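So the structure is just underneath, and the comments pick up after that.
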Amino acid sequence: GGLQEGEGRVTRRAMMELRRRKRSNDHEDRKSRKDLESERSDSGSDPASPARPNEKHRTMIHPEMDDTVLSQSILETLVITPASVKVRAVGWVRRLQRDGAGAVAELVDLIPQAVRGLKAHAAPFVEARHIIQDEPDEARSQMETQLIQEDEEATVEELVPNVMGKDRPSKIFTKALEQFFIQVTTMCPVELFSQSDAFETILGWIQALSLSSLREMRFTATRAGYGLMTGIIQVHARLTQTAITLEKQLAIDTKRGRSSEKSVPGLREKLSVVSQGVTELVQLMELAFTGVFVLRYRDVVPEIREFSLISLGSWICSSPKTFLDDSYLKYLGWMLSDR
């Protein structure tokens, strides 16, 4: 089920074959698991089996599928198994916790890789050393040169995926790309937002790539940036509610006096962490809005302007207390009067 060499790029026919094999393998895996569960039930044994998929602490569906997905590149997952976006996002968050620069590079590299298309043995555009050097504008220029050269040398006209394609597979991929950026944000531990500059760095690179002269690069970077923004808004809403709950509990326990002396310090510590996270998320929201949205909502590409309008509308619905403000609503008015 690996990528084919030869012409280097993967055709739509090859993609259909990859998906057919994946469905066949998943069917065999499900059949094997059912047979195994049946044997255990018949024997009446009570094995110390892993937690069931529907338990709260378990974020992955099947161990076998998890291993397969995590062995793929992010782009392969989004193209071949887009339903596994959540699993792949969990894997990325784990990498971020142990290899910050490498994880950031992998996420940023997804943008030019998506523009390039699924290509066998493709070298990354962005590596950890580029993140450490922190020169996104120079890196963007090199990406553009390489992508233009590859496009001129390409022998296959129909690439998979096509980030701006109107066909169903391309739309599925583009939506999966956006969902991936949402998921990596919502799945990050609260501490990472206040103790790491990973997301500031990612947004800085996305802003640079959204300024590209290549329309496909601008479109992809914009979708990625808006995905991060959506995820940040969701986490902000969740943490804000958590902070309100902790404040109420802290007030109650404080009034109880000695009976809750042990719980008060713990609640205060939790409230401090959550409050720090909320503050950091507000700053990230502002960075994403001014660094990506404000620069792209009047782009010459109609698809980017359309998606900017849709995204702002969804943010207003998700967080009316923040976005039902003149500083944001003015952009909505300008876009609705766009001709």
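Residue numbers start at 1 in each chain; chains themselves are named A, B, ... in the order of the structure tokens; ligands are numbered from 1 in the order shown.
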Query raised in the report: Do you know which residues are at most 9 Å from segment 167-179 of chain A counting only C-alpha atoms, after dropping those on the same chain fewer than 6 positions away, and could you put them as a PyMOL selection string?
Result: chain A and resi 75+78-80+82-83+85-86+110+114+160-161+220+223-228+231
Output for the residues just chosen: all heavy atoms as a short mmCIF file (atom, residue, chain, number, x, y, z; two decimals), in the first residue's frame:
data_model
loop_
_atom_site.label_atom_id
_atom_site.label_comp_id
_atom_site.auth_asym_id
_atom_site.auth_seq_id
_atom_site.Cartn_x
_atom_site.Cartn_y
_atom_site.Cartn_z
N LEU A 75 0.39 14.34 5.50
CA LEU A 75 -0.27 14.50 4.20
C LEU A 75 -0.88 13.19 3.72
O LEU A 75 -2.01 13.17 3.21
CB LEU A 75 0.74 15.01 3.17
CG LEU A 75 0.16 15.31 1.77
CD1 LEU A 75 -0.92 16.38 1.86
CD2 LEU A 75 1.26 15.74 0.81
N LEU A 78 -4.14 12.64 5.59
CA LEU A 78 -5.22 13.51 5.15
C LEU A 78 -5.77 13.11 3.78
O LEU A 78 -6.96 13.32 3.51
CB LEU A 78 -4.74 14.97 5.11
CG LEU A 78 -4.25 15.57 6.43
CD1 LEU A 78 -3.90 17.04 6.25
CD2 LEU A 78 -5.28 15.41 7.52
N VAL A 79 -4.92 12.53 2.96
CA VAL A 79 -5.35 12.14 1.61
C VAL A 79 -5.94 10.74 1.59
O VAL A 79 -7.02 10.50 1.04
CB VAL A 79 -4.18 12.23 0.61
CG1 VAL A 79 -4.60 11.72 -0.76
CG2 VAL A 79 -3.68 13.66 0.49
N ILE A 80 -5.25 9.79 2.23
CA ILE A 80 -5.64 8.39 2.13
C ILE A 80 -6.71 8.03 3.17
O ILE A 80 -7.67 7.32 2.87
CB ILE A 80 -4.41 7.48 2.30
CG1 ILE A 80 -3.37 7.80 1.22
CG2 ILE A 80 -4.81 6.00 2.21
CD1 ILE A 80 -2.03 7.10 1.42
N PRO A 82 -8.65 10.31 5.54
CA PRO A 82 -9.04 11.58 6.16
C PRO A 82 -9.87 11.42 7.42
O PRO A 82 -9.90 12.33 8.26
CB PRO A 82 -9.84 12.28 5.04
CG PRO A 82 -10.28 11.18 4.13
CD PRO A 82 -9.19 10.16 4.18
N ALA A 83 -10.52 10.27 7.59
CA ALA A 83 -11.31 10.04 8.81
C ALA A 83 -10.42 9.87 10.04
O ALA A 83 -10.91 9.89 11.17
CB ALA A 83 -12.20 8.81 8.64
N VAL A 85 -8.04 11.89 11.06
CA VAL A 85 -7.43 13.17 11.40
C VAL A 85 -7.17 13.28 12.90
O VAL A 85 -6.11 13.73 13.33
CB VAL A 85 -8.33 14.33 10.92
CG1 VAL A 85 -7.90 15.64 11.55
CG2 VAL A 85 -8.27 14.45 9.41
N LYS A 86 -8.14 12.86 13.71
CA LYS A 86 -8.01 12.99 15.16
C LYS A 86 -6.85 12.16 15.69
O LYS A 86 -6.08 12.61 16.55
CB LYS A 86 -9.31 12.57 15.83
CG LYS A 86 -9.34 12.83 17.33
CD LYS A 86 -10.71 12.53 17.92
CE LYS A 86 -10.77 12.83 19.40
NZ LYS A 86 -12.11 12.55 19.98
N LEU A 110 3.52 20.94 6.22
CA LEU A 110 2.30 20.39 5.63
C LEU A 110 1.70 21.33 4.59
O LEU A 110 1.11 20.88 3.61
CB LEU A 110 1.28 20.12 6.74
CG LEU A 110 -0.09 19.59 6.32
CD1 LEU A 110 0.03 18.28 5.55
CD2 LEU A 110 -0.99 19.41 7.54
N ALA A 114 1.12 20.17 0.81
CA ALA A 114 -0.24 20.06 0.27
C ALA A 114 -0.33 20.72 -1.09
O ALA A 114 -1.05 20.25 -1.98
CB ALA A 114 -1.23 20.70 1.24
N VAL A 160 -2.81 14.69 -6.97
CA VAL A 160 -3.62 14.36 -5.81
C VAL A 160 -2.83 14.76 -4.56
O VAL A 160 -1.73 14.26 -4.35
CB VAL A 160 -3.94 12.85 -5.77
CG1 VAL A 160 -4.71 12.51 -4.52
CG2 VAL A 160 -4.72 12.44 -7.01
N PRO A 161 -3.38 15.60 -3.72
CA PRO A 161 -4.66 16.28 -3.87
C PRO A 161 -4.50 17.59 -4.63
O PRO A 161 -3.39 18.07 -4.83
CB PRO A 161 -5.06 16.55 -2.43
CG PRO A 161 -3.72 16.82 -1.77
CD PRO A 161 -2.73 15.90 -2.43
N THR A 220 -3.90 27.67 0.89
CA THR A 220 -3.63 26.61 1.86
C THR A 220 -3.22 27.18 3.21
O THR A 220 -3.68 26.72 4.27
CB THR A 220 -2.54 25.66 1.34
OG1 THR A 220 -2.86 25.23 0.02
CG2 THR A 220 -2.39 24.45 2.24
N ARG A 223 -6.32 28.63 4.92
CA ARG A 223 -7.16 27.58 5.52
C ARG A 223 -6.54 27.07 6.81
O ARG A 223 -7.23 26.84 7.80
CB ARG A 223 -7.33 26.41 4.55
CG ARG A 223 -8.08 26.69 3.27
CD ARG A 223 -9.57 26.77 3.41
NE ARG A 223 -10.27 25.71 4.03
CZ ARG A 223 -11.37 25.15 3.53
NH1 ARG A 223 -11.83 25.52 2.33
NH2 ARG A 223 -12.05 24.25 4.20
N ALA A 224 -5.21 26.89 6.80
CA ALA A 224 -4.52 26.41 8.00
C ALA A 224 -4.62 27.43 9.13
O ALA A 224 -4.89 27.07 10.29
CB ALA A 224 -3.06 26.13 7.67
N GLY A 225 -4.40 28.70 8.81
CA GLY A 225 -4.47 29.75 9.82
C GLY A 225 -5.86 29.88 10.41
O GLY A 225 -6.02 30.04 11.64
N TYR A 226 -6.88 29.79 9.57
CA TYR A 226 -8.26 29.88 10.06
C TYR A 226 -8.62 28.64 10.89
O TYR A 226 -9.41 28.73 11.83
CB TYR A 226 -9.23 30.03 8.90
CG TYR A 226 -9.15 31.38 8.19
CD1 TYR A 226 -9.94 31.66 7.08
CD2 TYR A 226 -8.27 32.37 8.62
CE1 TYR A 226 -9.86 32.88 6.42
CE2 TYR A 226 -8.17 33.58 7.97
CZ TYR A 226 -8.98 33.84 6.87
OH TYR A 226 -8.89 35.05 6.22
N GLY A 227 -8.04 27.49 10.52
CA GLY A 227 -8.25 26.29 11.32
C GLY A 227 -7.69 26.46 12.72
O GLY A 227 -8.34 26.10 13.72
N LEU A 228 -6.47 27.00 12.82
CA LEU A 228 -5.88 27.27 14.13
C LEU A 228 -6.75 28.25 14.92
O LEU A 228 -6.98 28.07 16.12
CB LEU A 228 -4.47 27.83 13.97
CG LEU A 228 -3.33 26.86 13.69
CD1 LEU A 228 -2.01 27.61 13.64
CD2 LEU A 228 -3.25 25.76 14.74
N GLY A 231 -9.76 26.51 16.31
CA GLY A 231 -9.37 25.68 17.45
C GLY A 231 -9.08 26.51 18.69
O GLY A 231 -9.48 26.15 19.81
#
Query raised in the report: What residues in segment 151-310 of chain A get the DSSP label helix (DSSP H, G or I)? Please answer as a VMD selection string.
Result: chain A and resid 151 to 153 168 to 186 190 to 195 198 to 209 215 to 260 263 to 296 302 to 310
Query raised in the report: What gap, in Å, lies between atom CA of Glu269 of chain A and atom CA of Val190 of chain A?
Result: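 Separation between atom CA of Glu269 of chain A and atom CA of Val190 of chain A: 13.1 Å.
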**Report entry** Best match for closeness to Ile233 of chain A among A:Ser196, A:Ser319, A:Ser212, A:Ser73, counting only C-alpha atoms
**Finding:**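 Between A:Ser196, A:Ser319, A:Ser212, A:Ser73, the residue approaching Ile233 of chain A most closely is A:Ser319.
Separating atom CA of Ala221 of chain A from atom CA of Arg116 of chain A is a distance of 13.2 Å.
Of the listed residues (A:Gly277, A:Asp253, A:Thr222, A:Leu267), A:Thr222 comes nearest to Gly291 of chain A; the distances count only C-alpha atoms.
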Query raised in the report: Using only C-alpha atoms, which of A:Asp109, A:Asp325, A:Glu280, A:Glu286 sits nearest Leu239 of chain A?
Result: A:Glu280
Report task. Might you pull out every residue within 10 Å of segment 89-97 of chain A, with only C-alpha atoms counted and same-chain residues fewer than 3 positions away left off, and present them as a ChimeraX atom specification? Result -> /A:59-60,66,69-71,74,84-86,100-104,106-107,179-189,192,196,198
Report task. Could you tell me which of A:Leu118, A:Met143, A:Leu250, A:Met229 comes closest to Ser213 of chain A if we count only C-alpha atoms? Result ->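 So, comparing all the options, the nearest one is A:Met143.
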Requested in this report: One decimal, Å: what's the distance from atom CA of Val292 of chain A over to atom CA of Ile206 of chain A, could you say?
Outcome: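 Computing it gives 7.6 Å between the two atoms.
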List as a compact mmCIF listing (two decimals) with all heavy atoms, in the first residue's frame the protein and nucleic acid residues near Leu147 of chain A, meaning an atom at most 10 Å away when only C-alpha atoms are counted, but skip any in the same chain fewer than 5 places from it.
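Generated file (out-v8.txt):
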# COMPACT_ATOMS: atom_id res chain seq x y z
N PRO A 112 3.21 23.69 2.31
CA PRO A 112 3.77 23.55 0.95
C PRO A 112 3.67 22.12 0.40
O PRO A 112 3.55 21.93 -0.81
CB PRO A 112 5.24 23.97 1.12
CG PRO A 112 5.53 23.80 2.58
CD PRO A 112 4.25 24.10 3.28
N GLN A 113 3.69 21.12 1.29
CA GLN A 113 3.53 19.75 0.82
C GLN A 113 2.14 19.54 0.21
O GLN A 113 1.97 18.82 -0.77
CB GLN A 113 3.74 18.76 1.97
CG GLN A 113 5.16 18.67 2.49
CD GLN A 113 6.12 17.99 1.52
OE1 GLN A 113 5.72 17.49 0.48
NE2 GLN A 113 7.40 17.98 1.87
N VAL A 115 0.41 21.81 -1.27
CA VAL A 115 0.43 22.48 -2.58
C VAL A 115 1.15 21.61 -3.60
O VAL A 115 0.71 21.49 -4.75
CB VAL A 115 1.14 23.85 -2.46
CG1 VAL A 115 1.25 24.52 -3.82
CG2 VAL A 115 0.39 24.75 -1.49
N ARG A 116 2.22 20.97 -3.19
CA ARG A 116 2.98 20.10 -4.08
C ARG A 116 2.18 18.89 -4.52
O ARG A 116 2.24 18.46 -5.66
CB ARG A 116 4.26 19.65 -3.37
CG ARG A 116 4.99 18.49 -4.04
CD ARG A 116 6.06 17.93 -3.10
NE ARG A 116 7.33 18.56 -3.29
CZ ARG A 116 8.37 18.42 -2.45
NH1 ARG A 116 8.20 17.70 -1.35
NH2 ARG A 116 9.52 19.00 -2.68
N PHE A 125 10.12 20.61 2.88
CA PHE A 125 10.49 22.01 2.63
C PHE A 125 11.00 22.66 3.91
O PHE A 125 11.88 23.51 3.87
CB PHE A 125 9.27 22.79 2.13
CG PHE A 125 8.81 22.44 0.75
CD1 PHE A 125 7.77 21.55 0.57
CD2 PHE A 125 9.41 23.01 -0.36
CE1 PHE A 125 7.32 21.23 -0.70
CE2 PHE A 125 8.97 22.71 -1.64
CZ PHE A 125 7.93 21.81 -1.82
N GLN A 142 12.26 30.26 -1.19
CA GLN A 142 12.85 29.01 -1.69
C GLN A 142 11.77 28.00 -2.05
O GLN A 142 11.88 27.29 -3.04
CB GLN A 142 13.81 28.45 -0.65
CG GLN A 142 15.02 29.33 -0.39
CD GLN A 142 15.88 28.82 0.75
OE1 GLN A 142 15.54 27.84 1.42
NE2 GLN A 142 17.01 29.49 0.99
N GLU A 152 6.71 22.87 -13.52
CA GLU A 152 7.12 22.92 -14.93
C GLU A 152 7.63 21.57 -15.42
O GLU A 152 7.47 21.22 -16.59
CB GLU A 152 8.21 23.99 -15.11
CG GLU A 152 7.71 25.42 -14.91
CD GLU A 152 8.83 26.43 -14.95
OE1 GLU A 152 10.01 25.99 -14.91
OE2 GLU A 152 8.54 27.65 -14.98
N GLU A 153 8.23 20.81 -14.49
CA GLU A 153 8.79 19.51 -14.87
C GLU A 153 7.80 18.36 -14.74
O GLU A 153 8.10 17.23 -15.13
CB GLU A 153 10.02 19.22 -13.99
CG GLU A 153 11.17 20.21 -14.18
CD GLU A 153 12.29 19.97 -13.20
OE1 GLU A 153 12.10 19.13 -12.28
OE2 GLU A 153 13.35 20.62 -13.33
N LEU A 214 2.18 32.65 -4.85
CA LEU A 214 1.46 31.51 -5.42
C LEU A 214 0.07 31.44 -4.78
O LEU A 214 -0.06 31.33 -3.55
CB LEU A 214 2.22 30.21 -5.16
CG LEU A 214 3.64 30.12 -5.71
CD1 LEU A 214 4.26 28.77 -5.35
CD2 LEU A 214 3.65 30.32 -7.21
N MET A 217 -0.56 28.47 -2.50
CA MET A 217 0.10 28.57 -1.19
C MET A 217 -0.69 29.51 -0.27
O MET A 217 -0.89 29.20 0.92
CB MET A 217 1.52 29.10 -1.36
CG MET A 217 2.31 29.20 -0.05
SD MET A 217 3.04 27.64 0.43
CE MET A 217 4.54 27.72 -0.55
